[in-house]
Amino acid sequence: MKKNKNIYIETYGCQMNFSDSEIVASILTENGYDLTTEISRADIIFVNTCSIREHAEERVRKRLQFFKSLRKKSPGLIIGLLGCMADRTKTALMEEEQLLDLVAGPDAYRHLPQLLGQVGSGQKAIDTILSADETYADITPVRYDSNGISSFISIMRGCENYCSYCVVPSTRGQERSRSAMTIVNETRDLSEKGFREVTLLGQNVNSYCWEEDGEKITFTGLLEKVAAVSPLMRIRFATSHPKDMPDELLHTIARFPNLCKSIHLPVQSGSNHMLGLMNRKYTREVYLDRIRAIREIIPGCALSTDIIAGFCDETEADHQETLSLMEAVGYDAAFMFRYSERPQTLAADTLKDNVPDAVKERRLKEIIDLQQKLSLARNLEVVGKTVGVLIEGRSKRSENQFFGRTSTNKVVVFNKGNSLPGEYVNVMVTGATSATLLGQVVDLKE
Ligand code: 5AD
Ligand code: SF4
């Protein structure tokens with residue numbers, strides 16, 4: 001019998017990209033290819049790429065050089081680039097540097113079998129056309145790199161917010177939501193397979209909107225449907241835009257115990273001057289009003305954010321406003337970046353990347369140092385309390401310990417006892433660092 005070709009997929013970037021790799025895996029295994037987790041067994045290597053910052057692209061370029069060296073040793077090896085770098089770098093990487101045989105953008109994955117066929121007949125294959133309606137709604141992702149407990153579901157694709165620093169509208173195209181029924185079915189399927197946590201993904205999940213049987217389903221409506229699938233299934237979502245965070249959504253999160261009490265709300269900057277140049281469509285005051293609403297409607301809700309240091313024209317006063325906003329909110333966690341100019345963005349076309357690298361670096365360090373303090377303070381507040389934890393697996397540090405997460409997305413490490421991964425336990429928190437809580441199991445939940 002003819003042996004199927006082995007595909008190895010390497011993924012960079014956001015959770016959305018990891019979710020896309022599961023869709024790619026599904027399309028290819030349905031079409032007679034096998035997956036491998038060992039690069040040495042691969043006949044085809046796919047790199048699913050990210051363009052969000054220059055550093056992300058550099059990492060992929062280095063990796064492609066390594067794959068090219070593998071191809072020298074095994075001449076039949078096919079190397080393909082998927083995802084956000086596809087359209088932007090296809091000419092340089094494929095034609096000039098001869099690093100690639102195939103390039104497919106985020107909306108072209110259904111065509112991968114044909115594209116691979118083209119490569120098989122000696123041609124280079126490219127498809128980077130973006131679509132207005134592709135959502136891969138009918139494709140059941142292959143959860144090939146999963147712990148069997150937590151997983152994710154893409155609920156919408158693309159973005160039309162045009163934040164001036166961001167490459168995503170150009171790499172992923174128009175915003176489009178996926179059918180609510182298919183999202184609910186996929187959640188049910190995961191629940192029946194024993195999964196206990198699902199993260200609903202999109203570049204802007206809270207602008208989700210879908211019409212089904214004459215009913216308009218907003219993100220709030222979708223959350224209600226997904227939460228109702230099983231009380232044992234925890235629901236998270238990422239990422240949200242502050243402009244689409246109505247009280248109605250917050251009341252829904254408060255009402256369902258399995259909707260996690262943790263909201264990721266990227267602020268990017270605390271300065272109205274910066275927020276204007278970033279085209280974020282809200283002010284510091286509007287953002288802080290949403291934080292107030294979250295605190296009022298969902299007491300104990302954890303908050304995390306994204307922050308960019310050193311955006312165009314950022315002054316020391318702007319930077320201080322970011323620090324003061326972080327203090328005012330008291331974030332539990334944050335992803336913090338130095339600004340990296342990206343081609344084909346509003347900022348690259350209309351603004352000057354004029355904050356010197358050393359200044360960006362220093363401001364970023366101040367932001368990170370402050371966040372460490374804030375994270376520690378938030379975690380110390382939990383010491384002495386009992387929290388519900390979903391066990392995810394064995395702790396990296398000790399065989400005798402498990403780690404899991406609270407509804408507020410905090411990692412908790414504790415002695416195993418008689419519990420198992422995938423179960424919920426109550427843990428009494430005995431200690432905390434800025435990154436982790438330590439505790440002891442109090443009892444087993446039913
Ligand atoms: N430079 C630095 N950080 C960026 N982000 C997006 N674009 C850039 C950029 N050009 C950050 C934002 C976003 C997160 C996913 O990445 O904070 O929320
Ligand atoms: Fe990177 Fe953004 Fe593309 Fe995700 S959507 S892979 S973060 S560029």
# chains A, B, ... in the order shown; residues from 1 in each chain; ligands from 1
>>> residues_near_ligand(ligand="ligand 1", cutoff="7 Å", atoms="only C-alpha atoms and all ligand atoms", output="list in words")
Ile52, Arg53, Tyr165, Cys166, Val167, Pro266, Gln268, Asp306, Ile307, Ile308, Met336, Phe337, Arg338, Tyr339, Ser340, Glu341 and Arg342 of chain A
>>> residues_near_ligand(ligand="ligand 2", cutoff="10 Å", atoms="only C-alpha atoms and all ligand atoms", output="number ranges by chain")
A: 11-18, 20, 48-53, 56-57, 82-85, 106, 157-159, 166-172, 202-203
>>> write_last_selection(atoms="N, CA, C and O atoms", output="short mmCIF file (atom, residue, chain, number, x, y, z; two decimals), in the first residue's frame")
data_model
loop_
_atom_site.label_atom_id
_atom_site.label_comp_id
_atom_site.auth_asym_id
_atom_site.auth_seq_id
_atom_site.Cartn_x
_atom_site.Cartn_y
_atom_site.Cartn_z
N THR A 11 3.71 26.18 14.69
CA THR A 11 2.82 27.35 14.77
C THR A 11 3.43 28.47 15.61
O THR A 11 3.96 28.22 16.69
N TYR A 12 3.34 29.68 15.10
CA TYR A 12 3.78 30.89 15.83
C TYR A 12 2.59 31.81 15.99
O TYR A 12 1.60 31.69 15.27
N GLY A 13 2.71 32.78 16.93
CA GLY A 13 1.68 33.81 17.02
C GLY A 13 0.62 33.50 18.05
O GLY A 13 0.87 32.84 19.05
N CYS A 14 -0.60 33.95 17.75
CA CYS A 14 -1.66 33.95 18.75
C CYS A 14 -2.41 32.62 18.79
O CYS A 14 -2.21 31.76 17.94
N GLN A 15 -3.33 32.51 19.76
CA GLN A 15 -4.15 31.29 19.88
C GLN A 15 -4.93 31.02 18.61
O GLN A 15 -5.16 29.88 18.23
N MET A 16 -5.34 32.12 17.95
CA MET A 16 -6.08 32.00 16.68
C MET A 16 -5.27 31.19 15.66
O MET A 16 -5.81 30.39 14.91
N ASN A 17 -3.97 31.41 15.66
CA ASN A 17 -3.11 30.68 14.74
C ASN A 17 -3.03 29.20 15.11
O ASN A 17 -3.00 28.34 14.24
N PHE A 18 -2.99 28.92 16.42
CA PHE A 18 -2.97 27.52 16.86
C PHE A 18 -4.28 26.85 16.46
O PHE A 18 -4.30 25.70 16.02
N ASP A 20 -6.10 27.75 13.91
CA ASP A 20 -6.04 27.56 12.45
C ASP A 20 -5.23 26.32 12.09
O ASP A 20 -5.57 25.61 11.14
N ASN A 48 3.11 27.96 10.36
CA ASN A 48 1.99 28.89 10.44
C ASN A 48 2.49 30.14 11.16
O ASN A 48 2.89 30.08 12.31
N THR A 49 2.47 31.27 10.46
CA THR A 49 3.29 32.42 10.87
C THR A 49 2.49 33.61 11.40
O THR A 49 1.29 33.72 11.16
N CYS A 50 3.22 34.51 12.04
CA CYS A 50 2.65 35.70 12.66
C CYS A 50 3.42 36.92 12.19
O CYS A 50 4.64 36.87 12.05
N SER A 51 2.71 38.04 11.98
CA SER A 51 3.36 39.27 11.51
C SER A 51 3.26 40.41 12.51
O SER A 51 3.62 41.53 12.19
N ILE A 52 2.75 40.13 13.70
CA ILE A 52 2.32 41.21 14.58
C ILE A 52 3.46 42.16 14.95
O ILE A 52 3.27 43.36 15.01
N ARG A 53 4.66 41.60 15.18
CA ARG A 53 5.83 42.44 15.44
C ARG A 53 6.97 41.93 14.57
O ARG A 53 6.99 40.78 14.18
N ALA A 56 8.62 38.67 15.50
CA ALA A 56 7.91 37.43 15.17
C ALA A 56 8.31 36.96 13.77
O ALA A 56 8.53 35.78 13.52
N GLU A 57 8.42 37.92 12.85
CA GLU A 57 8.79 37.56 11.47
C GLU A 57 10.24 37.10 11.38
O GLU A 57 10.57 36.17 10.64
N LEU A 82 2.30 29.31 5.97
CA LEU A 82 0.88 29.61 6.13
C LEU A 82 0.73 30.87 6.98
O LEU A 82 1.67 31.30 7.64
N GLY A 83 -0.47 31.43 6.99
CA GLY A 83 -0.81 32.45 7.97
C GLY A 83 -0.48 33.87 7.58
O GLY A 83 -0.41 34.23 6.40
N CYS A 84 -0.25 34.68 8.63
CA CYS A 84 -0.23 36.13 8.46
C CYS A 84 0.94 36.66 7.63
O CYS A 84 0.84 37.73 7.04
N MET A 85 2.06 35.94 7.58
CA MET A 85 3.19 36.44 6.79
C MET A 85 3.04 36.14 5.30
O MET A 85 3.83 36.62 4.49
N PRO A 106 -4.37 32.96 5.37
CA PRO A 106 -5.31 32.45 6.37
C PRO A 106 -6.67 31.99 5.83
O PRO A 106 -7.36 31.22 6.49
N ARG A 157 -13.52 35.75 12.32
CA ARG A 157 -12.20 35.95 11.70
C ARG A 157 -12.08 37.37 11.18
O ARG A 157 -13.07 38.03 10.92
N GLY A 158 -10.85 37.83 11.03
CA GLY A 158 -10.60 39.14 10.45
C GLY A 158 -10.84 40.27 11.43
O GLY A 158 -11.27 40.05 12.57
N CYS A 159 -10.57 41.47 10.99
CA CYS A 159 -10.73 42.63 11.87
C CYS A 159 -10.85 43.88 11.02
O CYS A 159 -10.11 44.04 10.04
N CYS A 166 -1.56 48.23 13.81
CA CYS A 166 -1.81 46.79 13.71
C CYS A 166 -1.90 46.28 12.27
O CYS A 166 -2.62 46.80 11.44
N VAL A 167 -1.21 45.17 12.05
CA VAL A 167 -1.10 44.59 10.71
C VAL A 167 -2.30 43.67 10.40
O VAL A 167 -2.52 43.31 9.25
N VAL A 168 -3.08 43.32 11.43
CA VAL A 168 -4.08 42.26 11.26
C VAL A 168 -5.14 42.55 10.18
O VAL A 168 -5.45 41.67 9.38
N PRO A 169 -5.70 43.78 10.10
CA PRO A 169 -6.68 43.99 9.03
C PRO A 169 -6.09 43.69 7.66
O PRO A 169 -6.80 43.21 6.76
N SER A 170 -4.79 43.92 7.49
CA SER A 170 -4.20 43.64 6.17
C SER A 170 -3.85 42.16 6.00
O SER A 170 -3.91 41.63 4.90
N THR A 171 -3.53 41.45 7.09
CA THR A 171 -3.17 40.04 6.93
C THR A 171 -4.36 39.11 6.99
O THR A 171 -4.35 38.02 6.42
N ARG A 172 -5.41 39.51 7.72
CA ARG A 172 -6.53 38.58 7.91
C ARG A 172 -7.85 39.08 7.33
O ARG A 172 -8.85 38.38 7.38
N GLY A 202 -11.25 35.12 18.55
CA GLY A 202 -11.40 36.01 17.40
C GLY A 202 -10.58 37.25 17.67
O GLY A 202 -10.16 37.49 18.80
N GLN A 203 -10.32 38.03 16.61
CA GLN A 203 -9.55 39.26 16.80
C GLN A 203 -10.36 40.28 17.60
O GLN A 203 -9.81 41.17 18.21
#
>>> closest_residue(among="A:Ser304, A:Thr315, A:Gln401, A:Asn204", to="Arg363 (chain A)", atoms="only C-alpha atoms")
A:Thr315
>>> closest_residue(among="A:Thr128, A:Ser207, A:Thr252, A:Ser240", to="Ala227 (chain A)", atoms="only C-alpha atoms")
A:Thr252
>>> residues_around(residues="Gly404 (chain A)", least_positions_apart="3", cutoff="12 Å", atoms="only C-alpha atoms", output="number ranges by chain")
A: 149-150, 196-197, 387-396, 401, 407-416, 419-427, 436-439, 441
>>> residues_around(residues="region 271-273 of chain A", least_positions_apart="5", cutoff="7 Å", atoms="only C-alpha atoms", output="PDB file with N, CA, C and O atoms, in the first residue's frame")
ATOM      1  N   THR A 283     -11.636  56.729  24.901  1.00  0.00           N
ATOM      2  CA  THR A 283     -10.713  57.540  25.688  1.00  0.00           C
ATOM      3  C   THR A 283     -10.361  56.781  26.972  1.00  0.00           C
ATOM      4  O   THR A 283     -11.006  55.777  27.303  1.00  0.00           O
ATOM      5  N   ARG A 284      -9.387  57.321  27.674  1.00  0.00           N
ATOM      6  CA  ARG A 284      -9.027  56.768  28.985  1.00  0.00           C
ATOM      7  C   ARG A 284     -10.263  56.709  29.884  1.00  0.00           C
ATOM      8  O   ARG A 284     -10.510  55.718  30.567  1.00  0.00           O
ATOM      9  N   ASP A 318       2.802  61.058  28.430  1.00  0.00           N
ATOM     10  CA  ASP A 318       1.921  59.984  27.939  1.00  0.00           C
ATOM     11  C   ASP A 318       2.250  58.678  28.658  1.00  0.00           C
ATOM     12  O   ASP A 318       1.360  57.937  29.090  1.00  0.00           O
ATOM     13  N   GLU A 321       0.960  58.446  32.049  1.00  0.00           N
ATOM     14  CA  GLU A 321      -0.494  58.179  32.055  1.00  0.00           C
ATOM     15  C   GLU A 321      -0.771  56.684  31.930  1.00  0.00           C
ATOM     16  O   GLU A 321      -1.746  56.172  32.479  1.00  0.00           O
ATOM     17  N   THR A 322       0.070  55.995  31.175  1.00  0.00           N
ATOM     18  CA  THR A 322      -0.089  54.534  31.083  1.00  0.00           C
ATOM     19  C   THR A 322       0.157  53.911  32.451  1.00  0.00           C
ATOM     20  O   THR A 322      -0.620  53.069  32.921  1.00  0.00           O
TER      21      THR A 322
END
>>> select_by_dssp(residues="region 169-270 of chain A", states="strand (DSSP E)", output="MDAnalysis selection string")
chainID A and resid 176:177 197:201 209:212 215:218 234:238 262:264
>>> write_last_selection(atoms="N, CA and C atoms", output="compact mmCIF listing (two decimals), in the first residue's frame")
# COMPACT_ATOMS: atom_id res chain seq x y z
N ARG A 176 -15.69 38.69 9.90
CA ARG A 176 -16.87 37.85 9.62
C ARG A 176 -17.08 36.88 10.76
N SER A 177 -18.35 36.70 11.14
CA SER A 177 -18.69 35.80 12.25
C SER A 177 -19.09 34.46 11.71
N GLU A 197 -12.91 22.95 29.28
CA GLU A 197 -12.71 24.40 29.13
C GLU A 197 -12.56 24.73 27.65
N VAL A 198 -13.25 25.77 27.23
CA VAL A 198 -13.10 26.20 25.84
C VAL A 198 -12.92 27.72 25.80
N THR A 199 -11.99 28.16 24.95
CA THR A 199 -11.79 29.61 24.77
C THR A 199 -12.33 29.98 23.39
N LEU A 200 -13.29 30.90 23.38
CA LEU A 200 -13.85 31.38 22.11
C LEU A 200 -12.90 32.44 21.56
N LEU A 201 -12.47 32.25 20.33
CA LEU A 201 -11.41 33.10 19.79
C LEU A 201 -11.86 33.97 18.62
N CYS A 209 -21.48 38.80 15.59
CA CYS A 209 -22.88 39.02 15.24
C CYS A 209 -23.28 38.02 14.15
N TRP A 210 -24.40 37.31 14.37
CA TRP A 210 -24.81 36.28 13.43
C TRP A 210 -26.33 36.23 13.38
N GLU A 211 -26.90 36.09 12.20
CA GLU A 211 -28.36 35.94 12.09
C GLU A 211 -28.73 34.53 11.73
N GLU A 212 -29.60 33.92 12.53
CA GLU A 212 -29.98 32.53 12.31
C GLU A 212 -31.48 32.41 12.54
N GLU A 215 -33.26 35.26 13.86
CA GLU A 215 -32.82 35.78 15.17
C GLU A 215 -31.43 36.37 15.03
N LYS A 216 -31.23 37.59 15.58
CA LYS A 216 -29.89 38.18 15.55
C LYS A 216 -29.15 37.79 16.83
N ILE A 217 -28.03 37.13 16.68
CA ILE A 217 -27.29 36.66 17.85
C ILE A 217 -26.04 37.51 18.04
N THR A 218 -25.98 38.20 19.18
CA THR A 218 -24.80 39.01 19.50
C THR A 218 -23.83 38.14 20.30
N ARG A 234 -16.12 25.14 31.29
CA ARG A 234 -15.78 26.54 31.50
C ARG A 234 -15.62 27.25 30.16
N ILE A 235 -16.07 28.49 30.12
CA ILE A 235 -15.95 29.26 28.87
C ILE A 235 -15.08 30.50 29.12
N ARG A 236 -14.08 30.67 28.26
CA ARG A 236 -13.29 31.91 28.24
C ARG A 236 -13.40 32.52 26.85
N PHE A 237 -12.95 33.74 26.70
CA PHE A 237 -12.94 34.33 25.36
C PHE A 237 -11.81 35.34 25.23
N ALA A 238 -11.32 35.50 24.00
CA ALA A 238 -10.25 36.46 23.73
C ALA A 238 -10.22 36.72 22.22
N SER A 262 -12.91 36.41 34.30
CA SER A 262 -11.61 36.94 33.90
C SER A 262 -11.80 37.59 32.54
N ILE A 263 -11.48 38.86 32.46
CA ILE A 263 -11.69 39.57 31.18
C ILE A 263 -10.37 40.16 30.71
N HIS A 264 -10.05 39.86 29.46
CA HIS A 264 -8.85 40.44 28.85
C HIS A 264 -9.31 41.64 28.03
